[in-house]
Number of protein chains: 2
Amino acid sequence: MAGEVRQLDDRKLAVLRAIVQDYVGTEEPVGSKALVERHNLGVSPATVRNDMSALEEDGYIHQPHTSAGRIPTDKGYRLFVDRLAEVKPMSAPERRAIRHFLDGAVDLDDVVARTVRLLAQLTRQVAVVQYPSLSRSTVRHIELVALAPGKVMLVLITNTGRVEQRMVDCPGAVGEVVLADLRAKVNTRAVGRRLPEVPGLLEDVPALFEAADRPTVTTVLATLFEALAEQNEERIMLAGTANLTRFGHDFPLTIQPVLEALEEQVVLLRLLGETADAGMTVRIGRENAYEGLNSTSVVSVGYGSGDESVAKLGVIGPTRMDYPGTMGAVRAVARYVGQILAES
Amino acid sequence: MAGEVRQLDDRKLAVLRAIVQDYVGTEEPVGSKALVERHNLGVSPATVRNDMSALEEDGYIHQPHTSAGRIPTDKGYRLFVDRLAEVKPMSAPERRAIRHFLDGAVDLDDVVARTVRLLAQLTRQVAVVQYPSLSRSTVRHIELVALAPGKVMLVLITNTGRVEQRMVDCPGAVGEVVLADLRAKVNTRAVGRRLPEVPGLLEDVPALFEAADRPTVTTVLATLFEALAEQNEERIMLAGTANLTRFGHDFPLTIQPVLEALEEQVVLLRLLGETADAGMTVRIGRENAYEGLNSTSVVSVGYGSGDESVAKLGVIGPTRMDYPGTMGAVRAVARYVGQILAES
DNA sequence: TTCTGGCACTCGTGTGTTCAGAGTGCCAAG
DNA sequence: CTTGGCACTCTGAACACACGAGTGCCAGAA
């Protein structure tokens, strides 16, 4: 009761929870009478009104106009997510379906494609999946091939099944022997290590070659480092944009900026980049840095082949979304994708 | 004047042209009075009304309700495109801008990405670009690499700069010598040929090896054929979905099926597949096979590195689009992409 | 024969009014 | 602290109505 920051008692929290649940269900402002009818709060509408009054004063809910019901604010959803909601676990049949759908994937592209579609379908929202990023994954194998005199092809294969290839133009012809030697030395040092570590581990390599071959070696290594460092190559796949049509009543206005955001890989990458490494991240309305997404919420989480996350995935939906359900779906999908990646 | 099929005189055609132009500009049904005011047809509104009446009877235009202006029908647009409109060439500065924007591309992915964005921006509609397809392109080089005993990596490089790689699990170890021999034989026969021809040209190859090596050879070749045949790998990139918000007034209804169509690569591929090999294809409203796109028009054209087209590109917009301008933009972009591909 | 002006008619749209219902805030009593 | 009661506000639906854009048709002019 101390002025500014009021301690919310249990009933007020229950009222807020009920408001969120009803509003998410009906999409209409919810009033005191309807509330007591649907949830058995054990008190009268008048009491609820008092509580609502308090909640509004503290900024958790808000009325569109006098004599209308209440709608949760971003702050209200935040409190709901943090303290009032439990992540809703997927049912057994749902889990089986997820498992089964993902198991059919044949390669990395397919895994990502299936994941994003699945997520969009489960949540009925827009789904976003980042390809396992290069920087967090480890080297499975590095291959060097002489294609033509002075032309070497470099292939980098990571533990996530991703393959990157580069052409290298070398100064002068490249001996098969030198190349084999280089290949061996590079692989011995790099295999199993994380990509960003690799350049450091290869520092001594050029010195091990004869002066005549050194230009070739350094050129090849330079290209390799480039491929390793390439943060740009972080790709994203998305699905479920058709679900945007279920967004709200006031149409073009709401979805246009969202569609624009979805077209910008950079924006999406930054969005997922803000996801905490551990646990699930929920960004509600204005909490999103990109203002085109100010009327949406983003639920995201990392996924990975082992214990650690190699990339992120998530969904984008209206702030009035079913948080427990969405969070449950996102978590479940992330978990299963992780397993699939670990197996392959 | 002969009953069913009436010969449309010049003025009626002029009226239809004027209706299309005005409607595309204003998005509102256009009436006889407004028409004579804006275009100097040299006749009175009453005369125009008679012509409109005839045009309506023949199904070229249609009124939403009595006492409203007229709107072109699909058939009307069709006539407009076929006989009344000229493709509007891009202005010199526009052409320079296109050229400049595409010239900055660094690889095939980048070319496609830039093209699709450019097209979306120029036409302010949804743009679709197909990657140069494997089946129409030719072999630049085929590489075979022994990664580990019994593991061979196969790399296929095409004249469009596309690179496909496959892993091959061989029955038993693979000798370096055999592999080199196979590589040489395959390349001699395949380089420069179109992908679908290649399997036929390699029929004699297994017989040239000793019986012991033949299982390996056939396994490798089988994988190669698979990679060559892979029609699935036809990828598509799209951009400009945010332009959908400018589609019409009656919102969710119109754009939801369109968004759904855009998510299905298969639908888009089939859509572009219907494009004639030579010249520009315009599909208006109901002419589109996929019914989700029944209220849209698709303008598409082939593009290629030489004289022949290796892939298609196009835009999808409302039937009430600026056909001359859109066709001009599509044609210009296709031409420049072709040049870029030929240069690289 | 073709065009034109005039005229009556239709119909959608915008405006103003009314009315019911949902919801609120406040207050006095339990 | 809770509750029932009450007066008040505001939205949204329903309705009437006038306006204007646009049409179709017809008789007369070119």
# chains A, B, ... in the order shown; residues from 1 in each chain; ligands from 1
$ interface_residues --of "chain B" --to "chain A" --cutoff "7 Å" --atoms "only C-alpha atoms" --output "PyMOL selection string"
chain B and resi 239+241-242+245+252+256+259-260+263
$ write_last_selection --atoms "C-alpha atoms" --output "JSON list (two decimals), in the first residue's frame"
[["chain", "number", "residue", "atom", "x", "y", "z"],
["B", 239, "ALA", "CA", 10.41, -10.27, -51.83],
["B", 241, "THR", "CA", 5.28, -9.22, -49.46],
["B", 242, "ALA", "CA", 4.74, -6.00, -47.55],
["B", 245, "THR", "CA", -1.05, -4.40, -47.85],
["B", 252, "PRO", "CA", -7.84, -10.28, -44.88],
["B", 256, "GLN", "CA", -4.66, -14.54, -46.92],
["B", 259, "LEU", "CA", 0.22, -15.35, -48.51],
["B", 260, "GLU", "CA", -0.55, -19.03, -48.37],
["B", 263, "GLU", "CA", 4.66, -20.00, -48.81]]
$ calpha_fit_and_write --fixed "chain A" --moving "chain B" --output "compact mmCIF listing (two decimals) with C-alpha atoms, in the first residue's frame"
# COMPACT_ATOMS: atom_id res chain seq x y z
CA MET B 1 -0.41 0.28 0.09
CA ALA B 2 2.61 2.45 0.24
CA GLY B 3 1.91 5.04 -2.42
CA GLU B 4 3.75 4.30 -5.66
CA VAL B 5 4.59 0.67 -5.57
CA ARG B 6 1.67 -1.27 -4.30
CA GLN B 7 1.95 -4.85 -3.21
CA LEU B 8 -0.53 -6.76 -5.30
CA ASP B 9 -2.49 -9.22 -3.26
CA ASP B 10 -3.43 -12.65 -4.51
CA ARG B 11 -6.88 -11.76 -5.64
CA LYS B 12 -5.71 -8.90 -7.78
CA LEU B 13 -3.27 -11.24 -9.43
CA ALA B 14 -6.07 -13.73 -10.00
CA VAL B 15 -8.11 -10.98 -11.59
CA LEU B 16 -5.25 -10.03 -13.88
CA ARG B 17 -4.76 -13.64 -14.85
CA ALA B 18 -8.44 -13.97 -15.64
CA ILE B 19 -8.40 -10.81 -17.73
CA VAL B 20 -5.45 -12.00 -19.77
CA GLN B 21 -6.99 -15.39 -20.35
CA ASP B 22 -10.36 -14.01 -21.36
CA TYR B 23 -8.94 -11.33 -23.58
CA VAL B 24 -6.67 -13.73 -25.37
CA GLY B 25 -9.66 -15.95 -25.96
CA THR B 26 -12.23 -13.41 -27.06
CA GLU B 27 -10.14 -10.54 -28.38
CA GLU B 28 -12.58 -8.21 -26.72
CA PRO B 29 -12.17 -5.92 -23.74
CA VAL B 30 -13.35 -7.80 -20.69
CA GLY B 31 -15.63 -6.30 -18.07
CA SER B 32 -16.14 -7.02 -14.42
CA LYS B 33 -19.45 -8.79 -14.79
CA ALA B 34 -18.32 -11.18 -17.49
CA LEU B 35 -15.26 -11.97 -15.41
CA VAL B 36 -17.06 -13.16 -12.30
CA GLU B 37 -19.41 -15.18 -14.47
CA ARG B 38 -16.68 -17.11 -16.22
CA HIS B 39 -14.19 -17.54 -13.42
CA ASN B 40 -15.43 -18.39 -9.97
CA LEU B 41 -13.57 -15.74 -8.06
CA GLY B 42 -15.99 -15.89 -5.17
CA VAL B 43 -16.53 -12.15 -5.06
CA SER B 44 -18.94 -9.72 -6.62
CA PRO B 45 -18.41 -7.62 -9.73
CA ALA B 46 -18.12 -4.51 -7.59
CA THR B 47 -15.14 -5.94 -5.77
CA VAL B 48 -13.54 -6.91 -9.02
CA ARG B 49 -14.07 -3.39 -10.23
CA ASN B 50 -12.11 -2.03 -7.31
CA ASP B 51 -9.27 -4.42 -8.06
CA MET B 52 -9.35 -3.46 -11.70
CA SER B 53 -9.16 0.14 -10.73
CA ALA B 54 -6.00 -0.58 -8.75
CA LEU B 55 -4.51 -2.67 -11.56
CA GLU B 56 -5.17 0.11 -14.01
CA GLU B 57 -3.58 2.67 -11.76
CA ASP B 58 -0.45 0.53 -11.63
CA GLY B 59 -0.42 0.21 -15.41
CA TYR B 60 -1.17 -3.48 -15.81
CA ILE B 61 -4.42 -2.99 -17.66
CA HIS B 62 -6.04 -0.21 -19.59
CA GLN B 63 -9.42 0.74 -21.01
CA PRO B 64 -9.74 1.75 -24.66
CA HIS B 65 -12.43 4.25 -23.60
CA THR B 66 -14.55 4.99 -20.59
CA SER B 67 -17.20 2.39 -20.14
CA ALA B 68 -15.47 -0.36 -21.99
CA GLY B 69 -13.85 -3.45 -20.56
CA ARG B 70 -10.17 -3.69 -19.75
CA ILE B 71 -7.28 -4.86 -21.90
CA PRO B 72 -3.91 -5.99 -20.56
CA THR B 73 -0.98 -3.67 -21.23
CA ASP B 74 2.50 -4.85 -22.14
CA LYS B 75 3.34 -4.54 -18.47
CA GLY B 76 0.33 -6.68 -17.64
CA TYR B 77 1.39 -9.41 -20.03
CA ARG B 78 4.87 -9.21 -18.61
CA LEU B 79 3.61 -9.85 -15.08
CA PHE B 80 1.41 -12.64 -16.40
CA VAL B 81 4.31 -14.35 -18.10
CA ASP B 82 6.68 -13.90 -15.20
CA ARG B 83 4.48 -14.82 -12.28
CA LEU B 84 1.07 -16.05 -13.30
CA ALA B 85 1.53 -18.48 -16.13
CA GLU B 86 3.02 -21.91 -16.33
CA VAL B 87 4.49 -23.16 -19.56
CA LYS B 88 1.93 -25.57 -20.87
CA PRO B 89 3.57 -28.87 -21.74
CA MET B 90 2.61 -30.51 -25.00
CA SER B 91 0.31 -33.47 -24.80
CA ALA B 92 1.66 -36.92 -25.50
CA PRO B 93 0.07 -37.18 -28.96
CA GLU B 94 1.41 -33.76 -29.84
CA ARG B 95 4.88 -34.77 -28.79
CA ARG B 96 4.63 -37.92 -30.84
CA ALA B 97 3.53 -35.90 -33.85
CA ILE B 98 6.45 -33.51 -33.51
CA ARG B 99 8.90 -36.33 -33.18
CA HIS B 100 7.48 -38.14 -36.15
CA PHE B 101 7.38 -35.10 -38.36
CA LEU B 102 10.97 -34.14 -37.66
CA ASP B 103 12.30 -37.66 -37.94
CA GLY B 104 11.56 -37.72 -41.64
CA ALA B 105 14.15 -35.06 -42.43
CA VAL B 106 16.95 -36.03 -44.77
CA ASP B 107 19.51 -33.25 -44.40
CA LEU B 108 20.16 -30.03 -42.56
CA ASP B 109 18.10 -27.91 -44.91
CA ASP B 110 15.24 -30.30 -44.51
CA VAL B 111 15.50 -30.29 -40.73
CA VAL B 112 15.28 -26.53 -40.65
CA ALA B 113 12.48 -26.41 -43.20
CA ARG B 114 10.43 -28.97 -41.33
CA THR B 115 11.05 -27.31 -38.01
CA VAL B 116 9.88 -23.92 -39.14
CA ARG B 117 6.73 -25.26 -40.74
CA LEU B 118 5.94 -27.35 -37.73
CA LEU B 119 6.37 -24.44 -35.39
CA ALA B 120 4.17 -22.21 -37.51
CA GLN B 121 1.47 -24.82 -37.58
CA LEU B 122 1.57 -25.64 -33.87
CA THR B 123 1.44 -22.05 -32.73
CA ARG B 124 -0.57 -20.67 -35.63
CA GLN B 125 1.84 -17.78 -35.74
CA VAL B 126 4.89 -16.74 -37.68
CA ALA B 127 7.82 -19.05 -37.01
CA VAL B 128 11.49 -18.23 -37.37
CA VAL B 129 14.39 -20.68 -37.28
CA GLN B 130 18.03 -19.79 -37.51
CA TYR B 131 20.38 -22.21 -39.21
CA PRO B 132 22.92 -23.66 -36.84
CA SER B 133 25.44 -20.89 -36.82
CA LEU B 134 28.98 -21.37 -37.96
CA SER B 135 30.60 -19.63 -35.04
CA ARG B 136 29.24 -22.00 -32.43
CA SER B 137 29.78 -25.19 -34.33
CA THR B 138 32.93 -27.21 -34.69
CA VAL B 139 35.01 -28.38 -37.62
CA ARG B 140 34.27 -31.87 -38.83
CA HIS B 141 36.57 -31.78 -41.83
CA ILE B 142 38.38 -29.39 -44.13
CA GLU B 143 39.05 -30.45 -47.68
CA LEU B 144 41.35 -28.91 -50.30
CA VAL B 145 41.11 -29.84 -53.94
CA ALA B 146 43.17 -28.71 -56.89
CA LEU B 147 40.66 -28.05 -59.62
CA ALA B 148 43.00 -26.56 -62.18
CA PRO B 149 46.49 -25.09 -62.04
CA GLY B 150 46.20 -22.16 -59.68
CA LYS B 151 42.60 -22.98 -58.69
CA VAL B 152 41.93 -24.63 -55.39
CA MET B 153 38.57 -25.48 -53.96
CA LEU B 154 38.17 -25.26 -50.23
CA VAL B 155 35.39 -27.16 -48.46
CA LEU B 156 34.50 -26.72 -44.82
CA ILE B 157 32.22 -29.24 -43.16
CA THR B 158 30.86 -28.62 -39.66
CA ASN B 159 29.44 -30.89 -37.00
CA THR B 160 25.97 -29.56 -37.73
CA GLY B 161 26.16 -30.93 -41.24
CA ARG B 162 26.68 -27.58 -42.85
CA VAL B 163 28.95 -27.38 -45.88
CA GLU B 164 30.65 -24.21 -47.10
CA GLN B 165 32.79 -24.11 -50.18
CA ARG B 166 35.08 -21.44 -51.62
CA MET B 167 37.22 -21.07 -54.68
CA VAL B 168 40.76 -19.90 -54.12
CA ASP B 169 42.85 -18.29 -56.83
CA CYS B 170 46.45 -19.05 -56.03
CA PRO B 171 49.51 -17.19 -57.25
CA GLY B 172 51.05 -19.79 -59.50
CA ALA B 173 50.57 -23.55 -59.80
CA VAL B 174 49.94 -25.63 -56.71
CA GLY B 175 51.71 -28.89 -56.21
CA GLU B 176 49.59 -31.88 -55.26
CA VAL B 177 52.08 -32.81 -52.59
CA VAL B 178 52.06 -29.40 -50.96
CA LEU B 179 48.30 -29.43 -50.96
CA ALA B 180 48.14 -32.85 -49.33
CA ASP B 181 50.60 -31.72 -46.72
CA LEU B 182 48.63 -28.58 -46.00
CA ARG B 183 45.39 -30.51 -45.83
CA ALA B 184 46.87 -32.89 -43.28
CA LYS B 185 48.35 -30.14 -41.13
CA VAL B 186 45.17 -28.09 -41.15
CA ASN B 187 42.93 -30.99 -40.27
CA THR B 188 45.12 -32.25 -37.47
CA ARG B 189 44.92 -28.88 -35.82
CA ALA B 190 41.35 -27.88 -36.58
CA VAL B 191 39.09 -30.93 -36.47
CA GLY B 192 36.82 -30.90 -33.48
CA ARG B 193 37.54 -27.29 -32.56
CA ARG B 194 35.10 -24.42 -32.58
CA LEU B 195 35.28 -22.32 -35.71
CA PRO B 196 36.45 -19.06 -34.12
CA GLU B 197 39.34 -20.81 -32.41
CA VAL B 198 40.74 -22.22 -35.61
CA PRO B 199 42.68 -19.22 -36.98
CA GLY B 200 44.69 -19.06 -33.75
CA LEU B 201 45.55 -22.73 -33.98
CA LEU B 202 46.87 -22.40 -37.52
CA GLU B 203 49.23 -19.50 -36.93
CA ASP B 204 52.35 -21.65 -37.09
CA VAL B 205 51.41 -23.41 -40.31
CA PRO B 206 52.94 -21.10 -42.98
CA ALA B 207 56.31 -21.31 -41.26
CA LEU B 208 56.35 -25.07 -41.77
CA PHE B 209 56.44 -24.73 -45.55
CA GLU B 210 59.25 -23.77 -47.84
CA ALA B 211 59.45 -20.14 -48.82
CA ALA B 212 58.40 -20.93 -52.40
CA ASP B 213 55.12 -22.43 -51.30
CA ARG B 214 54.35 -19.89 -48.65
CA PRO B 215 52.32 -17.48 -50.83
CA THR B 216 50.00 -20.31 -51.80
CA VAL B 217 49.62 -21.46 -48.24
CA THR B 218 48.82 -18.04 -46.89
CA THR B 219 46.31 -17.37 -49.68
CA VAL B 220 44.49 -20.60 -48.95
CA LEU B 221 44.51 -19.95 -45.24
CA ALA B 222 43.24 -16.43 -45.72
CA THR B 223 40.23 -17.75 -47.60
CA LEU B 224 39.67 -20.35 -44.93
CA PHE B 225 39.70 -17.72 -42.22
CA GLU B 226 37.24 -15.71 -44.21
CA ALA B 227 34.90 -18.66 -44.45
CA LEU B 228 35.28 -19.31 -40.75
CA ALA B 229 34.57 -15.76 -39.79
CA GLU B 230 31.66 -15.22 -42.10
CA GLN B 231 29.00 -14.15 -39.64
CA ASN B 232 26.91 -12.91 -42.53
CA GLU B 233 26.23 -16.40 -43.58
CA GLU B 234 23.85 -16.78 -40.71
CA ARG B 235 20.68 -17.70 -42.47
CA ILE B 236 17.13 -17.74 -41.30
CA MET B 237 14.07 -19.53 -42.51
CA LEU B 238 10.56 -18.43 -41.80
CA ALA B 239 7.05 -19.72 -42.25
CA GLY B 240 3.48 -19.01 -41.33
CA THR B 241 3.21 -15.47 -42.64
CA ALA B 242 -0.35 -16.27 -43.64
CA ASN B 243 -1.14 -16.38 -39.93
CA LEU B 244 -0.62 -12.65 -39.86
CA THR B 245 -4.10 -12.23 -41.24
CA ARG B 246 -5.45 -13.34 -37.89
CA PHE B 247 -3.62 -10.54 -36.17
CA GLY B 248 -6.18 -7.93 -35.36
CA HIS B 249 -9.02 -5.89 -36.69
CA ASP B 250 -7.21 -2.74 -37.74
CA PHE B 251 -5.50 -4.39 -40.57
CA PRO B 252 -2.99 -2.99 -42.95
CA LEU B 253 -1.55 -0.79 -40.27
CA THR B 254 -0.60 -3.59 -37.97
CA ILE B 255 0.78 -6.09 -40.39
CA GLN B 256 2.63 -3.93 -42.86
CA PRO B 257 5.56 -3.12 -40.57
CA VAL B 258 5.66 -6.73 -39.50
CA LEU B 259 5.91 -7.94 -43.07
CA GLU B 260 8.65 -5.43 -43.64
CA ALA B 261 10.55 -6.67 -40.63
CA LEU B 262 10.22 -10.25 -41.76
CA GLU B 263 11.85 -9.43 -45.06
CA GLU B 264 14.95 -8.11 -43.40
CA GLN B 265 17.18 -11.00 -42.43
CA VAL B 266 19.22 -8.56 -40.42
CA VAL B 267 16.30 -7.57 -38.25
CA LEU B 268 15.37 -11.17 -37.64
CA LEU B 269 18.91 -12.12 -36.79
CA ARG B 270 19.20 -9.33 -34.32
CA LEU B 271 15.86 -10.31 -32.88
CA LEU B 272 16.99 -13.86 -32.28
CA GLY B 273 20.36 -12.59 -31.19
CA GLU B 274 18.70 -10.97 -28.21
CA THR B 275 17.57 -14.34 -26.99
CA ALA B 276 19.24 -15.34 -23.76
CA ASP B 277 21.58 -18.29 -24.11
CA ALA B 278 19.79 -20.31 -21.51
CA GLY B 279 16.09 -20.51 -20.96
CA MET B 280 13.31 -19.03 -22.98
CA THR B 281 13.12 -15.36 -23.86
CA VAL B 282 9.82 -13.55 -24.19
CA ARG B 283 9.79 -10.03 -25.54
CA ILE B 284 6.47 -8.28 -25.26
CA GLY B 285 5.36 -5.36 -27.40
CA ARG B 286 7.50 -2.34 -26.76
CA GLU B 287 10.20 -4.48 -25.28
CA ASN B 288 11.23 -5.31 -28.82
CA ALA B 289 14.07 -3.18 -30.03
CA TYR B 290 12.79 -3.01 -33.58
CA GLU B 291 9.84 -0.67 -33.62
CA GLY B 292 8.00 -2.36 -36.44
CA LEU B 293 7.46 -5.19 -34.01
CA ASN B 294 6.21 -3.00 -31.21
CA SER B 295 2.77 -4.53 -31.30
CA THR B 296 4.01 -8.09 -31.39
CA SER B 297 5.54 -10.49 -28.94
CA VAL B 298 8.48 -12.72 -29.69
CA VAL B 299 9.05 -16.02 -27.94
CA SER B 300 12.46 -17.49 -28.64
CA VAL B 301 14.85 -20.08 -27.32
CA GLY B 302 18.19 -21.59 -28.19
CA TYR B 303 18.55 -25.10 -29.50
CA GLY B 304 21.57 -27.26 -30.01
CA SER B 305 22.92 -30.69 -30.70
CA GLY B 306 24.47 -31.14 -27.29
CA ASP B 307 23.90 -29.25 -24.08
CA GLU B 308 24.85 -25.96 -25.60
CA SER B 309 22.82 -23.97 -28.07
CA VAL B 310 24.10 -23.54 -31.61
CA ALA B 311 21.24 -21.43 -32.88
CA LYS B 312 17.92 -19.90 -31.97
CA LEU B 313 14.33 -20.36 -33.01
CA GLY B 314 11.10 -18.70 -32.08
CA VAL B 315 7.74 -17.35 -33.06
CA ILE B 316 6.34 -13.90 -33.61
CA GLY B 317 2.72 -13.18 -32.80
CA PRO B 318 0.38 -10.52 -31.53
CA THR B 319 0.96 -9.41 -27.95
CA ARG B 320 -2.38 -10.95 -27.19
CA MET B 321 -1.19 -14.49 -27.75
CA ASP B 322 -1.59 -17.66 -25.75
CA TYR B 323 1.72 -17.43 -23.91
CA PRO B 324 1.64 -20.72 -22.02
CA GLY B 325 0.73 -22.69 -25.13
CA THR B 326 3.17 -20.88 -27.38
CA MET B 327 6.00 -21.26 -24.92
CA GLY B 328 5.23 -24.94 -24.56
CA ALA B 329 5.31 -25.48 -28.30
CA VAL B 330 8.51 -23.51 -28.77
CA ARG B 331 10.26 -25.35 -25.99
CA ALA B 332 9.16 -28.76 -27.20
CA VAL B 333 10.17 -28.12 -30.79
CA ALA B 334 13.57 -26.77 -29.75
CA ARG B 335 14.18 -29.83 -27.64
CA TYR B 336 13.34 -32.26 -30.44
CA VAL B 337 15.36 -30.43 -33.06
CA GLY B 338 18.29 -30.61 -30.70
CA GLN B 339 17.87 -34.36 -30.46
CA ILE B 340 17.63 -34.77 -34.20
CA LEU B 341 20.80 -32.77 -34.74
CA ALA B 342 22.66 -34.77 -32.10
CA GLU B 343 21.68 -38.04 -33.73
CA SER B 344 22.75 -37.18 -37.24
$ interface_residues --of "chain C" --to "chain B" --cutoff "9 Å" --atoms "only C-alpha atoms (C1' of nucleotides)" --output "PDB file with C-alpha atoms (C1' of nucleotides), in the first residue's frame"
ATOM      1  C1'  DC C   3     -24.725  11.343 -81.647  1.00  0.00           C
ATOM      2  C1'  DT C   4     -26.578  14.311 -78.045  1.00  0.00           C
ATOM      3  C1'  DG C   5     -29.223  16.512 -74.370  1.00  0.00           C
ATOM      4  C1'  DT C  10     -31.778   3.529 -58.849  1.00  0.00           C
ATOM      5  C1'  DC C  11     -28.893   2.813 -55.291  1.00  0.00           C
ATOM      6  C1'  DG C  12     -24.854   3.396 -52.250  1.00  0.00           C
TER       7       DG C  12
END
$ residues_around --residues "D:DC6" --least-positions-apart "5" --cutoff "12 Å" --atoms "only C-alpha atoms (C1' of nucleotides)" --output "list in words"
DT24, DG25, DC26, DC27 and DA28 of chain C
$ interface_residues --of "chain D" --to "chain B" --cutoff "12 Å" --atoms "only C-alpha atoms (C1' of nucleotides)" --output "JSON, numbers by chain"
{"D": [20, 21, 22, 23, 24, 25]}
$ write_last_selection --atoms "N, CA and C atoms (P, O5', C5', C4', C3', O3' and C1' of nucleotides)" --output "PDB file, in the first residue's frame"
ATOM      1  P    DG D  20     -25.682  17.243 -53.304  1.00  0.00           P
ATOM      2  O5'  DG D  20     -24.904  16.120 -54.103  1.00  0.00           O
ATOM      3  C5'  DG D  20     -24.061  15.213 -53.392  1.00  0.00           C
ATOM      4  C4'  DG D  20     -23.725  14.050 -54.288  1.00  0.00           C
ATOM      5  C3'  DG D  20     -23.565  14.439 -55.759  1.00  0.00           C
ATOM      6  O3'  DG D  20     -22.461  13.732 -56.276  1.00  0.00           O
ATOM      7  C1'  DG D  20     -25.175  12.743 -55.558  1.00  0.00           C
ATOM      8  P    DA D  21     -21.723  14.303 -57.533  1.00  0.00           P
ATOM      9  O5'  DA D  21     -21.132  12.944 -58.088  1.00  0.00           O
ATOM     10  C5'  DA D  21     -20.862  11.873 -57.173  1.00  0.00           C
ATOM     11  C4'  DA D  21     -21.231  10.574 -57.832  1.00  0.00           C
ATOM     12  C3'  DA D  21     -20.964  10.568 -59.336  1.00  0.00           C
ATOM     13  O3'  DA D  21     -20.259   9.392 -59.673  1.00  0.00           O
ATOM     14  C1'  DA D  21     -23.187   9.901 -58.882  1.00  0.00           C
ATOM     15  P    DG D  22     -19.659   9.240 -61.103  1.00  0.00           P
ATOM     16  O5'  DG D  22     -20.775   8.346 -61.772  1.00  0.00           O
ATOM     17  C5'  DG D  22     -21.019   7.055 -61.221  1.00  0.00           C
ATOM     18  C4'  DG D  22     -22.265   6.518 -61.844  1.00  0.00           C
ATOM     19  C3'  DG D  22     -22.302   6.712 -63.363  1.00  0.00           C
ATOM     20  O3'  DG D  22     -22.151   5.473 -64.048  1.00  0.00           O
ATOM     21  C1'  DG D  22     -24.392   7.184 -62.322  1.00  0.00           C
ATOM     22  P    DT D  23     -22.278   5.461 -65.633  1.00  0.00           P
ATOM     23  O5'  DT D  23     -23.676   4.750 -65.842  1.00  0.00           O
ATOM     24  C5'  DT D  23     -24.038   3.672 -64.980  1.00  0.00           C
ATOM     25  C4'  DT D  23     -25.522   3.430 -65.098  1.00  0.00           C
ATOM     26  C3'  DT D  23     -25.981   3.266 -66.538  1.00  0.00           C
ATOM     27  O3'  DT D  23     -26.400   1.943 -66.773  1.00  0.00           O
ATOM     28  C1'  DT D  23     -27.380   4.810 -65.330  1.00  0.00           C
ATOM     29  P    DG D  24     -26.537   1.455 -68.280  1.00  0.00           P
ATOM     30  O5'  DG D  24     -28.079   1.651 -68.630  1.00  0.00           O
ATOM     31  C5'  DG D  24     -29.055   1.355 -67.654  1.00  0.00           C
ATOM     32  C4'  DG D  24     -30.429   1.688 -68.214  1.00  0.00           C
ATOM     33  C3'  DG D  24     -30.587   1.457 -69.724  1.00  0.00           C
ATOM     34  O3'  DG D  24     -31.860   0.886 -69.972  1.00  0.00           O
ATOM     35  C1'  DG D  24     -30.928   3.768 -69.213  1.00  0.00           C
ATOM     36  P    DC D  25     -32.359   0.503 -71.408  1.00  0.00           P
ATOM     37  O5'  DC D  25     -33.274   1.729 -71.847  1.00  0.00           O
ATOM     38  C5'  DC D  25     -34.225   2.246 -70.917  1.00  0.00           C
ATOM     39  C4'  DC D  25     -34.873   3.487 -71.490  1.00  0.00           C
ATOM     40  C3'  DC D  25     -35.108   3.450 -73.002  1.00  0.00           C
ATOM     41  O3'  DC D  25     -36.409   3.921 -73.265  1.00  0.00           O
ATOM     42  C1'  DC D  25     -33.913   5.395 -72.411  1.00  0.00           C
TER      43       DC D  25
END
$ atom_distance --atom1 "atom C1' of C:DA29" --atom2 "atom C1' of D:DC10"
29.4 Å
